[in-house]
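> My file is target-v1.csv. It has CSV, C-alpha atoms:
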```
chain,number,residue,atom,x,y,z
H,1,MET,CA,0.0,0.0,0.0
H,2,ASP,CA,1.1,3.5,-0.6
H,3,MET,CA,1.7,5.5,2.6
H,4,GLY,CA,0.8,8.8,1.0
H,5,ALA,CA,-2.6,7.5,-0.2
H,6,ILE,CA,-3.4,6.0,3.3
H,7,LEU,CA,-2.5,9.3,5.0
H,8,SER,CA,-3.9,11.5,2.3
H,9,ILE,CA,-0.6,13.3,1.8
H,10,SER,CA,1.8,13.5,-1.2
H,11,GLU,CA,4.7,11.1,-1.8
H,12,ASN,CA,7.1,14.1,-1.4
H,13,THR,CA,5.7,14.7,2.1
H,14,VAL,CA,6.1,11.0,3.0
H,15,ASN,CA,9.7,11.1,1.8
H,16,PHE,CA,10.4,14.3,3.7
H,17,HIS,CA,9.2,12.8,7.0
H,18,ILE,CA,10.9,9.4,6.4
H,19,LYS,CA,14.2,11.3,5.7
H,20,ASN,CA,13.9,13.2,8.9
H,21,ALA,CA,13.1,10.1,10.9
H,22,LYS,CA,16.1,8.3,9.4
H,23,ASN,CA,18.4,11.3,10.2
H,24,LYS,CA,17.1,11.5,13.8
H,25,LEU,CA,17.6,7.7,14.3
H,26,ASN,CA,21.0,7.8,12.5
H,27,CYS,CA,19.9,5.2,10.0
H,28,SER,CA,20.6,4.8,6.3
H,29,SER,CA,17.4,2.9,5.3
H,30,ARG,CA,13.7,2.8,6.1
H,31,THR,CA,13.9,-0.8,7.3
H,32,VAL,CA,16.7,-0.1,9.7
H,33,ALA,CA,14.9,3.0,11.0
H,34,ALA,CA,11.7,1.1,11.5
H,35,VAL,CA,13.5,-1.7,13.5
H,36,LYS,CA,15.4,0.8,15.6
H,37,ALA,CA,12.2,2.7,16.4
H,38,LEU,CA,10.6,-0.5,17.4
H,39,LYS,CA,13.5,-1.5,19.7
H,40,LEU,CA,13.6,2.0,21.2
H,41,GLY,CA,9.8,1.8,21.9
H,42,ILE,CA,9.1,4.8,19.7
H,43,VAL,CA,6.7,2.8,17.7
H,44,ASP,CA,4.7,-0.3,18.7
H,45,ILE,CA,2.7,-2.8,16.8
```
Take the structure in the file and write it out as structure tokens.


Amino acid sequence: MDMGAILSISENTVNFHIKNAKNKLNCSSRTVAAVKALKLGIVDI
């Protein structure tokens, strides 16, 4: 699924926020950032 469509925002906005999250978590990929956020308790499932 497309995150932008689900959140009703543009793809550019999604990429902007993903880039900021990766920078704040000091990660080079979305996957690593997601795993790190889960381990840190920032996100839960």

> In Å, with one decimal, what is the gap from CA of Asn20 (chain H) to CA of Ala33 (chain H)?

10.5 Å

> Given all atoms listed in the file as the basis, pick out the residue of H:Leu7, H:Asn12, H:Asp2, H:Lys22 nearest to Val35 (chain H).

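Closest to Val35 (chain H), using all atoms listed in the file: H:Lys22.
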
> Quick one: pull the distance between CA of Val14 (chain H) and CA of Asn26 (chain H), Å, one decimal.

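Separation between CA of Val14 (chain H) and CA of Asn26 (chain H): 18.0 Å.
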
> Report, in Å with one decimal, the straight-line distance from CA of Ile42 (chain H) to CA of Asn23 (chain H).

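For CA of Ile42 (chain H) relative to CA of Asn23 (chain H), the distance reads 14.8 Å.
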